[in-house]
Amino acid sequence: MPWLPAWRRRFSSKLVRGCRAWLVLLGCGAFPCGADLRTTTLAGAADFAPAALAEVQVQPDGLLILAPLAEETNLALGRLVLDEYGKKVPLSDGSVAIGGSEWISGTPNVFGRTFTVDLGMDRAISRVRVVPGGTAQIQPEYFIRGYRLEASTQRQPEKWLLLAEQRANFRPTVDTTFDSTWSIVDELGKPVPRRGRYVKLTLIRQDRSNWVSLGDIEIYGAGYERQGQLTGELGFPGPVNAGRLSWQAGTPAGTQVRVLVRGAGEDQAPIWGATRSSLYPGPEPVRGLEYRLVLETADPVITPAFGELAVDWDPVLVARQVLGSVQPETARKGDETHVVYRVELEIGAEDYGVELLELGMALSVEAIRLNGADLAYNWHADNEQGSTQVSFGRPLRDSGVLEIAGKGLFLKDQTAIPVAVGSRAQEALDGYLNWQNAGESPAGTWTVRGIGLPPGLLSEVEVSPRPFSPFRDERLAFGFVVGNLQQPTEVSLEIFSLGGTKVRRLSQIGGARAYHLEWDGHDQDGRLLAPGLYLYKVRVDAEDNAASRTGTLVVAY
Amino acid sequence: MPPAVPARWSWRIKALIGWLLIWAAAAHGAFEVNGKGARTAALGGAFGAGVDAVEGIWINPAANARGTRWSAGTTHVLLYPGLEDSPSLNALALVAPVVGGGLQVGFSALGALDWDEQVGVVGYGRPVHPRLALGMDLRSGGWQTTGLSHRSWSIDLGGIYEAGWVNARHYLRLGWMIRDWWRSSQAAGGQGGAKPPRAFTLGVGLGGEAQQVLVDVERRAGRTQLRAGYESAVLGMAGLSLRLGGSTLNLDWMGGELGGGVGYRWGGWRFDFSYTYPLGPSGAFGGVHRVSLGYRRP
């Protein structure tokens, strides 16, 4: 079969669910015959072997781990080396040539001079080697006579622990392999790696007859590479609706695994990977997926271990093709703008049909038309998630153009509004709703460009009702808009008595959007507050900016 | 003048002060902010053992039990000027020597957007012993907002104990109060949960001719508020005094406030100003300026 990649793939029989028996008995009935969710599982050396590996290795038991450091890997190569004045010196470029790549003291007065190598993260240091500079290789008396080597960790950079020390060195190099003063050795006398990010060389002997010439500092370590990745592809037997992606991995403290995927052959950045189980977020249908497994560690001797990657896919689509676009393409920042969202639907007889639709932005929907005719629908906008869900009374089984008219608040320079469609029938068959993500229409765009000056970080706060009775109104609503925010941050509401005592705090993590916080009239301990005048403070703490709004509210009952 | 503190008492008094200082802090409820004067505010609200001052009527029903002269005072406050709709507070107080004791009458009105609140208080205190004075007051608090209003009632108790001279220069006075000893619901629907929580306060005042230190510990609704203030006359400037004070809630500075102020006495007239600033997150609402003007009949 041409869609099959050359490498071995396993369709895990235990995870393959066929047509439900009752569907077979009903002759497939109202649902498309062949509606079955399948799972492709990648695990073990055979599945991962054809993939591209970089700094990772597949264990005999099938687990994927970071590659162990090779004995001859110089961790200091290319790292920053600073002298005691904080000035960069060329002692980690791997070269010992006379001139630019060696360090020459310029004076025999070298006692106490230091060179600190920053390895970038804690590593398990097993050996340090200091190579003479080109000058000292010609005239060995120019090499250091007394030295101390120490290491400190990222957590305690000022706490230096001894690696090795020689007050009378007559070797032409410093190499801790031959240096009996390495402070910690095992029962065989072999150096035990010392954990550390910084390695400091201190010259502890002043030789009045010589200057000092150093060529290179080399640091070797045990443990694992800090990051590695594996990239591969898997294919499907035709266009499918990719479903839940899940993976299993061991991630001890200080390590992490990220899984990135995208449609095979797509020229876009890999997406997904934050959670261990979520729906494929890219445009669908897809004929294959490209995946990238990224293993990282901040601990020099611990590696994460990746077990398996499982991908659900459904050969029955919600619609053969779904394309989205929006008009107008620009909106004034901070103003509510009327938009019309077009969804081009191509639905085949074998497809589930569109019963649900989700827009990636909170819109206040005013009307929905299919090929110009009004449709019955229900909708719900979720400001917190930044989405709008629409459900139709019955599945749409005919191709056509849906037009969704509504109002939205645009705060960013670019607001992309992706669309996905779903089917209750699919959900009933497979046990979860497998949204089919649409693509962007080639005839338009689903990104709205924000124009004008960005609104302030925090708008005025609308508090209603006033007065508020927890018995009559149940909730006091605080409405405001957070704009001009690049990263999600905490938005908090604090309520104080008139005497200044804080009685309640509510908060949400979110980005630039409209917020709607509700308070039930109770304090932090669940007690109903007495009637009175209270104070509130809404606060947004952005990385480089902060804003707050204050005001009064009335509780009366 | 009451006699000096008996020697055998002094260690107990020291222990009591120490205990009050380490005991845990308190403030809560509607009508929480009343006509408290500028002098009291500058002292961090610590006036439980304060006497012979017209603004004491908002703190201790026995504060003017030994009052022998007519006096009156007003207080004007703009609360939290950092707010766009800052509430304002105005109060009037009167003390009259009546049948061996002191009659206290006060009225406080708070006005804000969509909210008005008034508190009226009538109290009487008198000495029952050379060292001890007791007092009681009746408060009536009314609030009004759009479409709803209500009036509630409460009774407060208080006492002042003149412990006497601790040494040649320092005089010790103790005060105690039970705020809202009896009270009705503050809710128009009469909900029991809207009764203000009772507050128990112990106050200590230690001072001489030119200086005094006041400390209050108030326990209310499971929280403890510690308040302390220091007042000193300015040498060479007759009638002028400076004050500093602060409070903590549950021994947490972030729940308290710091204050300071100045007072000037000219004949029977008294002018006081204070500025208090919340230390916690409510500091965003801004500091509070209070101005009080009082007159005592010579």
# chains A, B, ... in the order shown; residues from 1 in each chain; ligands from 1

$ select_by_dssp --residues "stretch 76-194 of chain B" --states "strand (DSSP E)" --output "PyMOL selection string"
chain B and resi 76-78+88-98+101-112+115-127+132-145+148-165+171-183

$ closest_atom_pairs --of "stretch 90-204 of chain B" --to "stretch 284-295 of chain B" --cutoff "12 Å" --atoms "only C-alpha atoms" --output "Markdown table"
| residue | atom | partner | partner_atom | distance |
| --- | --- | --- | --- | --- |
| B:Asn90 | CA | B:Ser292 | CA | 9.7 |
| B:Ala91 | CA | B:Ser292 | CA | 9.1 |
| B:Leu92 | CA | B:Gly294 | CA | 9.6 |
| B:Ala93 | CA | B:Gly294 | CA | 9.0 |
| B:Leu94 | CA | B:Gly294 | CA | 9.5 |
| B:Val95 | CA | B:Tyr295 | CA | 10.4 |

$ closest_atom_pairs --of "chain B" --to "chain A" --cutoff "9 Å" --atoms "only C-alpha atoms" --output "Markdown table"
| residue | atom | partner | partner_atom | distance |
| --- | --- | --- | --- | --- |
| B:Ala26 | CA | A:Thr501 | CA | 9.0 |
| B:Ala27 | CA | A:Gly499 | CA | 7.1 |
| B:His28 | CA | A:Ser497 | CA | 7.2 |
| B:Gly29 | CA | A:Ala530 | CA | 6.4 |
| B:Ala30 | CA | A:Gly532 | CA | 5.1 |
| B:Phe31 | CA | A:Gly532 | CA | 7.5 |
| B:Glu32 | CA | A:Gly499 | CA | 6.2 |
| B:Val33 | CA | A:Gly499 | CA | 6.1 |
| B:Leu79 | CA | A:Leu498 | CA | 8.9 |
| B:Gly82 | CA | A:Thr550 | CA | 7.9 |
| B:Leu83 | CA | A:Gly551 | CA | 5.6 |
| B:Glu84 | CA | A:Gly551 | CA | 6.4 |
| B:Asp85 | CA | A:Gly551 | CA | 6.7 |
| B:Ser86 | CA | A:Thr552 | CA | 8.2 |
| B:Pro87 | CA | A:Thr552 | CA | 8.9 |
| B:Ala112 | CA | A:Leu533 | CA | 8.2 |
| B:Leu113 | CA | A:Thr552 | CA | 8.1 |
| B:Asp114 | CA | A:Pro467 | CA | 7.3 |
| B:Trp115 | CA | A:Leu533 | CA | 6.9 |
| B:Asp116 | CA | A:Leu533 | CA | 8.9 |
| B:Glu117 | CA | A:Gly532 | CA | 8.6 |
| B:Trp143 | CA | A:Gly532 | CA | 7.9 |
| B:Gln144 | CA | A:Ala556 | CA | 8.8 |
| B:Thr145 | CA | A:Pro467 | CA | 7.0 |
| B:Thr146 | CA | A:Pro467 | CA | 6.8 |
| B:Gly147 | CA | A:Pro467 | CA | 8.9 |
| B:Leu148 | CA | A:Ala556 | CA | 7.4 |
| B:Ser149 | CA | A:Ala556 | CA | 8.4 |
| B:Ser185 | CA | A:Ala530 | CA | 8.9 |
| B:Gln186 | CA | A:Pro531 | CA | 6.6 |
| B:Ala187 | CA | A:Tyr557 | CA | 5.6 |
| B:Ala188 | CA | A:Tyr557 | CA | 5.6 |
| B:Gly189 | CA | A:Tyr557 | CA | 6.2 |
| B:Gly190 | CA | A:Tyr557 | CA | 8.7 |
| B:Gln191 | CA | A:Tyr557 | CA | 8.6 |
| B:Gly193 | CA | A:Leu528 | CA | 7.1 |
| B:Ala194 | CA | A:Ala530 | CA | 4.7 |
| B:Lys195 | CA | A:Ala530 | CA | 7.4 |
| B:Pro196 | CA | A:Ala530 | CA | 7.6 |
| B:Leu249 | CA | A:Thr501 | CA | 8.6 |
| B:Gly255 | CA | A:Thr501 | CA | 6.6 |
| B:Gly256 | CA | A:Gly500 | CA | 8.3 |
| B:Glu257 | CA | A:Gly500 | CA | 9.0 |
| B:Pro278 | CA | A:Gly500 | CA | 7.2 |
| B:Gly280 | CA | A:Gly500 | CA | 8.3 |
| B:Pro281 | CA | A:Lys502 | CA | 8.1 |
| B:Ser282 | CA | A:Gly500 | CA | 5.7 |
| B:Gly283 | CA | A:Gly500 | CA | 8.3 |
| B:Ala284 | CA | A:Thr550 | CA | 7.7 |
| B:Phe285 | CA | A:Thr550 | CA | 6.9 |

$ residues_around --residues "B:Val51" --least-positions-apart "6" --cutoff "10 Å" --atoms "only C-alpha atoms" --output "PyMOL selection string"
chain B and resi 57+60+62-67+160+173+175+205

$ write_last_selection --atoms "N, CA and C atoms" --output "compact mmCIF listing (two decimals), in the first residue's frame"
# COMPACT_ATOMS: atom_id res chain seq x y z
N ILE B 57 -15.86 59.01 73.06
CA ILE B 57 -17.22 58.43 73.07
C ILE B 57 -17.38 57.34 72.00
N ASN B 60 -14.83 54.17 74.09
CA ASN B 60 -15.14 53.57 75.39
C ASN B 60 -16.27 54.35 76.07
N ALA B 62 -16.99 54.59 78.99
CA ALA B 62 -16.58 55.16 80.27
C ALA B 62 -15.49 56.21 80.11
N ALA B 63 -15.15 56.57 78.87
CA ALA B 63 -14.02 57.47 78.64
C ALA B 63 -14.22 58.82 79.30
N ASN B 64 -15.47 59.29 79.38
CA ASN B 64 -15.73 60.62 79.96
C ASN B 64 -16.52 60.52 81.26
N ALA B 65 -16.40 59.39 81.93
CA ALA B 65 -17.14 59.19 83.18
C ALA B 65 -16.74 60.21 84.23
N ARG B 66 -15.49 60.65 84.18
CA ARG B 66 -15.02 61.65 85.15
C ARG B 66 -15.01 63.05 84.54
N GLY B 67 -15.70 63.24 83.45
CA GLY B 67 -15.73 64.55 82.80
C GLY B 67 -16.45 65.56 83.67
N ILE B 160 -13.06 51.99 83.00
CA ILE B 160 -11.70 52.55 83.13
C ILE B 160 -11.22 52.24 84.54
N ARG B 173 -3.13 53.47 83.47
CA ARG B 173 -4.60 53.40 83.42
C ARG B 173 -4.98 52.23 82.51
N GLY B 175 -8.20 50.15 80.50
CA GLY B 175 -9.57 50.29 80.00
C GLY B 175 -10.05 48.98 79.41
N GLY B 205 -2.91 52.44 79.19
CA GLY B 205 -2.33 53.76 78.96
C GLY B 205 -1.28 54.03 80.01

$ residues_around --residues "A:Thr202" --least-positions-apart "6" --cutoff "8 Å" --atoms "only C-alpha atoms" --output "ChimeraX atom specification"
/A:112-115,147-149

$ closest_residue --among "A:Ala381, A:Ile271, A:Ala376, A:Val240" --to "A:Gln321" --atoms "only C-alpha atoms"
A:Val240
